[in-house]
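Below is one structure, written out as structure tokens, with a few remarks after it.
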Amino acid sequence: MTASRQTASRQTTSIQKTSAQKTSRRTTPAASASQDGSDTFHDTGHDSPDTFSFRHLSRDVPAGIVVFLVAIPLCLGIALASGAPPIAGLVAGMVGGLVVTMFSGSALSVSGPAAGLTVIVLDAIEQLGSFAAFLIAVILAGVLQLLMGVFKLGRIGAFVPTSVIKGMLAGIGLILVLGQFPMALGHPLDDMPSITDPVALFSGISPLATGIALFSLGLLILWEQPMIKRHRVLALIPGPLLVVLGSIAIDRLVGGAMPGWALGAEHHIDLGGLSGPAELIGQMTHPDLGALANPAVYTVAITIAIIASLETLLSLEAIDKLDPLKRHSPPHRELKAQGIGNMVCGLVGALPVTAVIVRSSANANAGGRTRLSSLIHGSLLLVSVAFLAMWLELVPLATLAAILLHTGYKLARPALFVDQYREGMRRFIPFTVTVITILATDLLMGVLVGLVCSLYFLLQSGYRSAIACTRRGDHTLLKFQQDVSFLNREEMRQCLDTVPDNGELIIDAIGANYIDPDIREDIDRFVEHAAARGIVVELRDVEGTTGTFGDVEALPGTARAG
């Protein structure tokens, strides 16, 4: 074995360290905050002028009204699907709009009862025996979320690829479209046929409800045209507000002129005959403290805390991408806000809340700019349910279905699928897999499957580009272009097997900061047996080892000393 030749590996390491120091000095404070998942200004508990301000009042007020109109059917529908009292969904919307918003640092996110929790809530109420017992689990889940925020566990959502987030948005949009279509045809909330049963779907259609839905969709589409947005006066009027007022007028006029087509009570919002704040408070369910003795309560609490937190963080990542001002929402603070909100929900008899992408995207699409729009939506929910329930019950469900159909279309617009396809299969396949899985199962399962799909492409990319093997005659160059793991073991072995007897092998690992122990074990074994085959091996910075092993003078064409 010849003496090891000293190389410039130490110089290379020094250069890399110097470069890293320069890069670190160039990092802006905003970038630093983004990297560690915190925002110093936001997490101090003060209100940033970027997220709470009256400067955008002309945008936030219309957006708050839009979100309010979107939230009513969602709150009622989710409560119905969860097996909870209808008032529990509405109160959850109030808590999300008033309580969570006050503690949140996100400018555009809107919290409320989430469709992704309906199956969990339904099973939990059945398992625990009562909704009052379930409320104890909601309080405990809020405590856990608050602790997660305190211990800065809010960066989970940052590890979800953009294609998966967009797939989540598209999946939710399609669920909205498919779920609201029966209601747009006039089917009542408590007896909606499946979209997969066309016979039941198109049986018992209400002509007036269908006509109101078509009118509402047409007006919503018209109100997004450039000619409306450029008009100084019309641009200030929220499209959904016009849709609601117009639908009530059509319902009253047509129903009065043609009694056979009139919509019944089942085709309108049903708030249980509320007539004032006292009845609102009287219908609230109080938590059953005796449920603390039931071990199943703690299992349910942990489940809700984990799933609600993941859904919140994913929604936060998604809504940040819709923010026209490109602001970053502090995830740790958001978990604290959600925890406080869910503790309040459990105390006042409401469903658990999360940051909800449907309401949040409606907020962004309607022009919302600060948290004021979410506060307005929560205030309108409180006032309307407490004082104006009888007027809200005039709104046809077909109108609210049209608003949700329009929102769902914007989330799953065909152009989004085309854009993902043009960006390549590494984005399009995880995006499509996420959408399909969400439709087939649920939101979280879709995101997890999409994430696994993205990881596959990441590993495949690393596997293909980590190692380069070049051969010229008896000379072979094995170059590690990046970190190598056990996934690259077979490819490296194939390269080593092609090295001929009495040949030369150079293993250049300067580009790898990490070499898997399995890889190093194979290299050491090859070097150990190389001399017996007359092979000269040169190592270049293989985990700090640089040197030549073997009889260099025995190589063909090498001049001998003498």
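By order of appearance in the structure tokens: chains A, B, ..., then residues from 1 within every chain, and ligands from 1 in the order shown.
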
Next item on the list: Can you pull out every residue within 8 Å of range 541-543 of chain A, counting only C-alpha atoms, but drop anything in the same chain fewer than 4 positions away, and send it as an MDAnalysis selection string?
Entry: chainID A and resid 9 507:510 513:515

For the residues in the current selection, export C-alpha atoms as a short mmCIF file (atom, residue, chain, number, x, y, z; two decimals), in the first residue's frame.
```cif
data_model
loop_
_atom_site.label_atom_id
_atom_site.label_comp_id
_atom_site.auth_asym_id
_atom_site.auth_seq_id
_atom_site.Cartn_x
_atom_site.Cartn_y
_atom_site.Cartn_z
CA SER A 9 -10.31 18.21 1.41
CA ILE A 507 -14.37 7.03 -5.39
CA ASP A 508 -15.05 10.75 -5.20
CA ALA A 509 -17.25 11.64 -2.20
CA ILE A 510 -16.52 15.36 -1.99
CA ASN A 513 -22.01 15.36 3.42
CA TYR A 514 -23.43 12.06 4.63
CA ILE A 515 -22.59 8.47 3.69
#
```

Check: Skipping near chain neighbours, those fewer than 5 positions away, what residues fall within 10 Å of range 465-482 of chain A using only C-alpha atoms, listed as a PyMOL selection string?
Finding: chain A and resi 460+487-489+491-492+494-496+498-515+535-540+542+555-556

Next item on the list: Please provide as a PyMOL selection string all residues within 12 Å of Tyr409 in chain A, with the sequence filter that same-chain residues fewer than 2 positions apart are discarded (counting only C-alpha atoms).
Entry: chain A and resi 169-178+180-181+217+220-221+358+361-362+402-407+411-416

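CA of Met390 in chain A to CA of Phe215 in chain A spans 23.7 Å [interatomic distance, one decimal].
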
Notebook entry, point to check: So which residues of range 315-506 of chain A fall under alpha helix (DSSP H) by DSSP, listed as a VMD selection string?
Noted result: chain A and resid 315 to 322 331 to 348 357 to 365 372 to 387 389 to 392 397 to 411 414 to 422 425 to 440 443 to 465 489 to 497

Check: Taking into account only C-alpha atoms, which residue in the set A:Gly129, A:Gly97, A:Pro161, A:Gly260 is nearest to Ala355 in chain A?
Finding: A:Gly97

Check: Skipping near chain neighbours, those fewer than 4 positions away, what residues fall within 12 Å of Gly339 in chain A using only C-alpha atoms, listed as a ChimeraX atom specification?
Finding: /A:95-96,99-101,103-104,111,138-150,301,304-306,308-309,312,332-335,343-346,352-355

Selection from above, N, CA and C atoms, as a compact mmCIF listing (two decimals), in the first residue's frame, can you write it?
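File produced: result.txt:
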```txt
# COMPACT_ATOMS: atom_id res chain seq x y z
N VAL A 95 -67.88 30.84 18.03
CA VAL A 95 -66.62 30.74 18.77
C VAL A 95 -65.43 30.88 17.83
N GLY A 96 -65.53 30.21 16.66
CA GLY A 96 -64.44 30.32 15.69
C GLY A 96 -64.24 31.74 15.20
N VAL A 99 -63.82 34.13 19.19
CA VAL A 99 -62.79 33.78 20.17
C VAL A 99 -61.46 33.43 19.49
N VAL A 100 -61.49 32.45 18.57
CA VAL A 100 -60.25 32.02 17.92
C VAL A 100 -59.60 33.18 17.17
N THR A 101 -60.41 33.98 16.50
CA THR A 101 -59.87 35.10 15.72
C THR A 101 -59.10 36.08 16.60
N PHE A 103 -57.29 35.49 19.16
CA PHE A 103 -55.99 34.97 19.58
C PHE A 103 -55.11 34.53 18.41
N SER A 104 -55.71 34.42 17.22
CA SER A 104 -54.97 33.94 16.06
C SER A 104 -54.06 35.03 15.49
N SER A 111 -62.14 30.09 11.39
CA SER A 111 -62.33 28.83 12.10
C SER A 111 -63.81 28.54 12.32
N VAL A 138 -63.91 17.52 24.19
CA VAL A 138 -63.58 18.72 23.42
C VAL A 138 -62.74 19.68 24.27
N ILE A 139 -63.12 19.83 25.55
CA ILE A 139 -62.34 20.70 26.45
C ILE A 139 -60.92 20.17 26.61
N LEU A 140 -60.79 18.87 26.84
CA LEU A 140 -59.46 18.27 27.02
C LEU A 140 -58.64 18.38 25.73
N ALA A 141 -59.28 18.23 24.58
CA ALA A 141 -58.58 18.38 23.31
C ALA A 141 -58.04 19.80 23.17
N GLY A 142 -58.83 20.78 23.62
CA GLY A 142 -58.36 22.16 23.58
C GLY A 142 -57.13 22.37 24.45
N VAL A 143 -57.13 21.74 25.63
CA VAL A 143 -55.95 21.84 26.51
C VAL A 143 -54.72 21.27 25.81
N LEU A 144 -54.88 20.12 25.17
CA LEU A 144 -53.75 19.50 24.47
C LEU A 144 -53.25 20.39 23.33
N GLN A 145 -54.17 21.00 22.58
CA GLN A 145 -53.76 21.89 21.49
C GLN A 145 -53.01 23.10 22.02
N LEU A 146 -53.46 23.64 23.15
CA LEU A 146 -52.77 24.77 23.76
C LEU A 146 -51.35 24.39 24.14
N LEU A 147 -51.18 23.20 24.70
CA LEU A 147 -49.84 22.72 25.06
C LEU A 147 -48.98 22.50 23.82
N MET A 148 -49.57 22.00 22.76
CA MET A 148 -48.82 21.81 21.51
C MET A 148 -48.30 23.14 20.99
N GLY A 149 -49.10 24.19 21.11
CA GLY A 149 -48.65 25.50 20.69
C GLY A 149 -47.55 26.03 21.59
N VAL A 150 -47.67 25.82 22.92
CA VAL A 150 -46.65 26.28 23.86
C VAL A 150 -45.32 25.61 23.58
N ALA A 301 -60.32 12.65 23.22
CA ALA A 301 -59.68 13.97 23.31
C ALA A 301 -58.37 14.00 22.53
N ILE A 304 -59.14 13.93 18.73
CA ILE A 304 -59.62 15.23 18.23
C ILE A 304 -58.47 16.23 18.18
N ALA A 305 -57.64 16.25 19.23
CA ALA A 305 -56.53 17.22 19.27
C ALA A 305 -55.58 17.02 18.11
N ILE A 306 -55.22 15.77 17.81
CA ILE A 306 -54.26 15.50 16.74
C ILE A 306 -54.86 15.83 15.38
N ALA A 308 -57.61 17.63 14.59
CA ALA A 308 -57.97 19.04 14.45
C ALA A 308 -56.72 19.91 14.25
N SER A 309 -55.63 19.58 14.92
CA SER A 309 -54.39 20.35 14.76
C SER A 309 -53.81 20.18 13.37
N THR A 312 -55.93 22.04 10.92
CA THR A 312 -55.70 23.47 11.06
C THR A 312 -54.40 23.89 10.39
N HIS A 332 -47.49 28.22 15.60
CA HIS A 332 -47.55 27.94 17.04
C HIS A 332 -48.66 28.74 17.69
N ARG A 333 -48.75 30.00 17.31
CA ARG A 333 -49.81 30.85 17.86
C ARG A 333 -51.19 30.34 17.43
N GLU A 334 -51.28 29.83 16.22
CA GLU A 334 -52.57 29.32 15.75
C GLU A 334 -53.03 28.12 16.56
N LEU A 335 -52.09 27.23 16.93
CA LEU A 335 -52.46 26.09 17.76
C LEU A 335 -52.94 26.55 19.13
N MET A 343 -61.57 24.83 24.04
CA MET A 343 -61.96 24.81 25.45
C MET A 343 -63.27 25.57 25.64
N VAL A 344 -63.39 26.71 24.96
CA VAL A 344 -64.64 27.49 25.04
C VAL A 344 -65.79 26.69 24.41
N CYS A 345 -65.53 26.02 23.30
CA CYS A 345 -66.56 25.22 22.63
C CYS A 345 -67.12 24.16 23.57
N GLY A 346 -66.24 23.47 24.28
CA GLY A 346 -66.70 22.45 25.21
C GLY A 346 -67.53 23.02 26.34
N PRO A 352 -66.34 20.84 18.08
CA PRO A 352 -64.94 21.30 18.02
C PRO A 352 -64.69 22.08 16.74
N VAL A 353 -63.76 23.01 16.80
CA VAL A 353 -63.46 23.87 15.65
C VAL A 353 -62.04 23.63 15.16
N THR A 354 -61.83 23.95 13.90
CA THR A 354 -60.50 23.99 13.30
C THR A 354 -60.47 25.19 12.36
N ALA A 355 -59.29 25.53 11.88
CA ALA A 355 -59.21 26.49 10.78
C ALA A 355 -59.76 25.77 9.55
```

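Here the residues within range 349-536 of chain A that DSSP labels strand (DSSP E or B) on the basis of the backbone are Val353, Thr354, Ala355, Val356, Pro396, Ile467, Ala468, Cys469, Thr470, Arg471, Arg472, His475, Thr476, Leu477, Leu478, Lys479, Phe480, Val484, Glu504, Leu505, Ile506, Ile507, Asp508, Ile515 and Val536 of chain A.
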
For the selection just defined, write its residues with N, CA and C atoms to a file, as a PDB file, in the first residue's frame.
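What follows is the written file selection_9.pdb:
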```
ATOM      1  N   VAL A 353     -63.757  23.014  16.800  1.00  0.00           N
ATOM      2  CA  VAL A 353     -63.462  23.868  15.649  1.00  0.00           C
ATOM      3  C   VAL A 353     -62.037  23.628  15.157  1.00  0.00           C
ATOM      4  N   THR A 354     -61.829  23.947  13.898  1.00  0.00           N
ATOM      5  CA  THR A 354     -60.499  23.988  13.297  1.00  0.00           C
ATOM      6  C   THR A 354     -60.468  25.194  12.356  1.00  0.00           C
ATOM      7  N   ALA A 355     -59.289  25.527  11.878  1.00  0.00           N
ATOM      8  CA  ALA A 355     -59.214  26.486  10.776  1.00  0.00           C
ATOM      9  C   ALA A 355     -59.758  25.773   9.548  1.00  0.00           C
ATOM     10  N   VAL A 356     -60.763  26.370   8.909  1.00  0.00           N
ATOM     11  CA  VAL A 356     -61.490  25.690   7.840  1.00  0.00           C
ATOM     12  C   VAL A 356     -61.183  26.344   6.504  1.00  0.00           C
ATOM     13  N   PRO A 396     -83.821  30.358   1.251  1.00  0.00           N
ATOM     14  CA  PRO A 396     -83.916  28.992   0.709  1.00  0.00           C
ATOM     15  C   PRO A 396     -82.578  28.254   0.799  1.00  0.00           C
ATOM     16  N   ILE A 467     -25.665   9.014  -7.294  1.00  0.00           N
ATOM     17  CA  ILE A 467     -24.436   8.329  -7.719  1.00  0.00           C
ATOM     18  C   ILE A 467     -24.284   8.418  -9.229  1.00  0.00           C
ATOM     19  N   ALA A 468     -23.041   8.704  -9.659  1.00  0.00           N
ATOM     20  CA  ALA A 468     -22.712   8.686 -11.091  1.00  0.00           C
ATOM     21  C   ALA A 468     -21.524   7.759 -11.291  1.00  0.00           C
ATOM     22  N   CYS A 469     -21.656   6.836 -12.238  1.00  0.00           N
ATOM     23  CA  CYS A 469     -20.589   5.862 -12.500  1.00  0.00           C
ATOM     24  C   CYS A 469     -20.109   6.035 -13.945  1.00  0.00           C
ATOM     25  N   THR A 470     -18.828   6.362 -14.100  1.00  0.00           N
ATOM     26  CA  THR A 470     -18.248   6.602 -15.429  1.00  0.00           C
ATOM     27  C   THR A 470     -17.070   5.659 -15.645  1.00  0.00           C
ATOM     28  N   ARG A 471     -17.021   5.007 -16.833  1.00  0.00           N
ATOM     29  CA  ARG A 471     -15.948   4.062 -17.131  1.00  0.00           C
ATOM     30  C   ARG A 471     -15.255   4.424 -18.441  1.00  0.00           C
ATOM     31  N   ARG A 472     -13.938   4.409 -18.426  1.00  0.00           N
ATOM     32  CA  ARG A 472     -13.113   4.602 -19.625  1.00  0.00           C
ATOM     33  C   ARG A 472     -11.978   3.579 -19.591  1.00  0.00           C
ATOM     34  N   HIS A 475     -10.304   2.304 -16.306  1.00  0.00           N
ATOM     35  CA  HIS A 475     -10.476   3.323 -15.265  1.00  0.00           C
ATOM     36  C   HIS A 475     -11.966   3.548 -14.999  1.00  0.00           C
ATOM     37  N   THR A 476     -12.324   3.562 -13.719  1.00  0.00           N
ATOM     38  CA  THR A 476     -13.723   3.760 -13.306  1.00  0.00           C
ATOM     39  C   THR A 476     -13.794   4.892 -12.278  1.00  0.00           C
ATOM     40  N   LEU A 477     -14.750   5.797 -12.490  1.00  0.00           N
ATOM     41  CA  LEU A 477     -14.974   6.890 -11.535  1.00  0.00           C
ATOM     42  C   LEU A 477     -16.360   6.709 -10.924  1.00  0.00           C
ATOM     43  N   LEU A 478     -16.395   6.515  -9.601  1.00  0.00           N
ATOM     44  CA  LEU A 478     -17.636   6.436  -8.857  1.00  0.00           C
ATOM     45  C   LEU A 478     -17.768   7.728  -8.060  1.00  0.00           C
ATOM     46  N   LYS A 479     -18.732   8.559  -8.439  1.00  0.00           N
ATOM     47  CA  LYS A 479     -18.863   9.888  -7.834  1.00  0.00           C
ATOM     48  C   LYS A 479     -20.162  10.006  -7.055  1.00  0.00           C
ATOM     49  N   PHE A 480     -20.046  10.422  -5.799  1.00  0.00           N
ATOM     50  CA  PHE A 480     -21.211  10.698  -4.974  1.00  0.00           C
ATOM     51  C   PHE A 480     -21.556  12.173  -5.135  1.00  0.00           C
ATOM     52  N   VAL A 484     -25.674   9.932   0.236  1.00  0.00           N
ATOM     53  CA  VAL A 484     -26.046   8.592  -0.234  1.00  0.00           C
ATOM     54  C   VAL A 484     -26.539   7.765   0.948  1.00  0.00           C
ATOM     55  N   GLU A 504      -8.303   0.573 -12.268  1.00  0.00           N
ATOM     56  CA  GLU A 504      -8.200   1.655 -11.278  1.00  0.00           C
ATOM     57  C   GLU A 504      -9.615   2.182 -10.979  1.00  0.00           C
ATOM     58  N   LEU A 505      -9.902   2.417  -9.713  1.00  0.00           N
ATOM     59  CA  LEU A 505     -11.189   2.944  -9.271  1.00  0.00           C
ATOM     60  C   LEU A 505     -10.967   4.192  -8.440  1.00  0.00           C
ATOM     61  N   ILE A 506     -11.668   5.250  -8.804  1.00  0.00           N
ATOM     62  CA  ILE A 506     -11.658   6.485  -8.017  1.00  0.00           C
ATOM     63  C   ILE A 506     -13.048   6.651  -7.403  1.00  0.00           C
ATOM     64  N   ILE A 507     -13.111   6.761  -6.088  1.00  0.00           N
ATOM     65  CA  ILE A 507     -14.370   7.026  -5.388  1.00  0.00           C
ATOM     66  C   ILE A 507     -14.314   8.455  -4.872  1.00  0.00           C
ATOM     67  N   ASP A 508     -15.048   9.321  -5.522  1.00  0.00           N
ATOM     68  CA  ASP A 508     -15.051  10.752  -5.199  1.00  0.00           C
ATOM     69  C   ASP A 508     -16.302  11.075  -4.385  1.00  0.00           C
ATOM     70  N   ILE A 515     -22.703   9.778   4.341  1.00  0.00           N
ATOM     71  CA  ILE A 515     -22.589   8.472   3.689  1.00  0.00           C
ATOM     72  C   ILE A 515     -23.146   7.432   4.654  1.00  0.00           C
ATOM     73  N   VAL A 536      -6.283  -0.734  -8.090  1.00  0.00           N
ATOM     74  CA  VAL A 536      -5.863   0.424  -7.298  1.00  0.00           C
ATOM     75  C   VAL A 536      -7.102   1.272  -7.010  1.00  0.00           C
TER      76      VAL A 536
END
```

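Restricting the calculation to only C-alpha atoms, the smallest distance between Leu153 in chain A and any of A:Leu313, A:Val300, A:Ala81, A:Ile237 is found for A:Leu313.
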
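Across the structure, CA of Pro259 in chain A and CA of Ile205 in chain A are spaced 15.7 Å apart.
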
Note to self: Which residues are close to Arg252 in chain A, i.e. within 12 Å by only C-alpha atoms, leaving aside same-chain residues fewer than 5 positions away? Reply as a ChimeraX atom specification.
What the structure shows: /A:208,212,245-247,257-259,261-264,394-396

Next item on the list: Calculate how many Å separate CA of Ser163 in chain A from CA of Val449 in chain A, rounding to one decimal.
Entry: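 One can read the CA of Ser163 in chain A to CA of Val449 in chain A distance as 12.2 Å.
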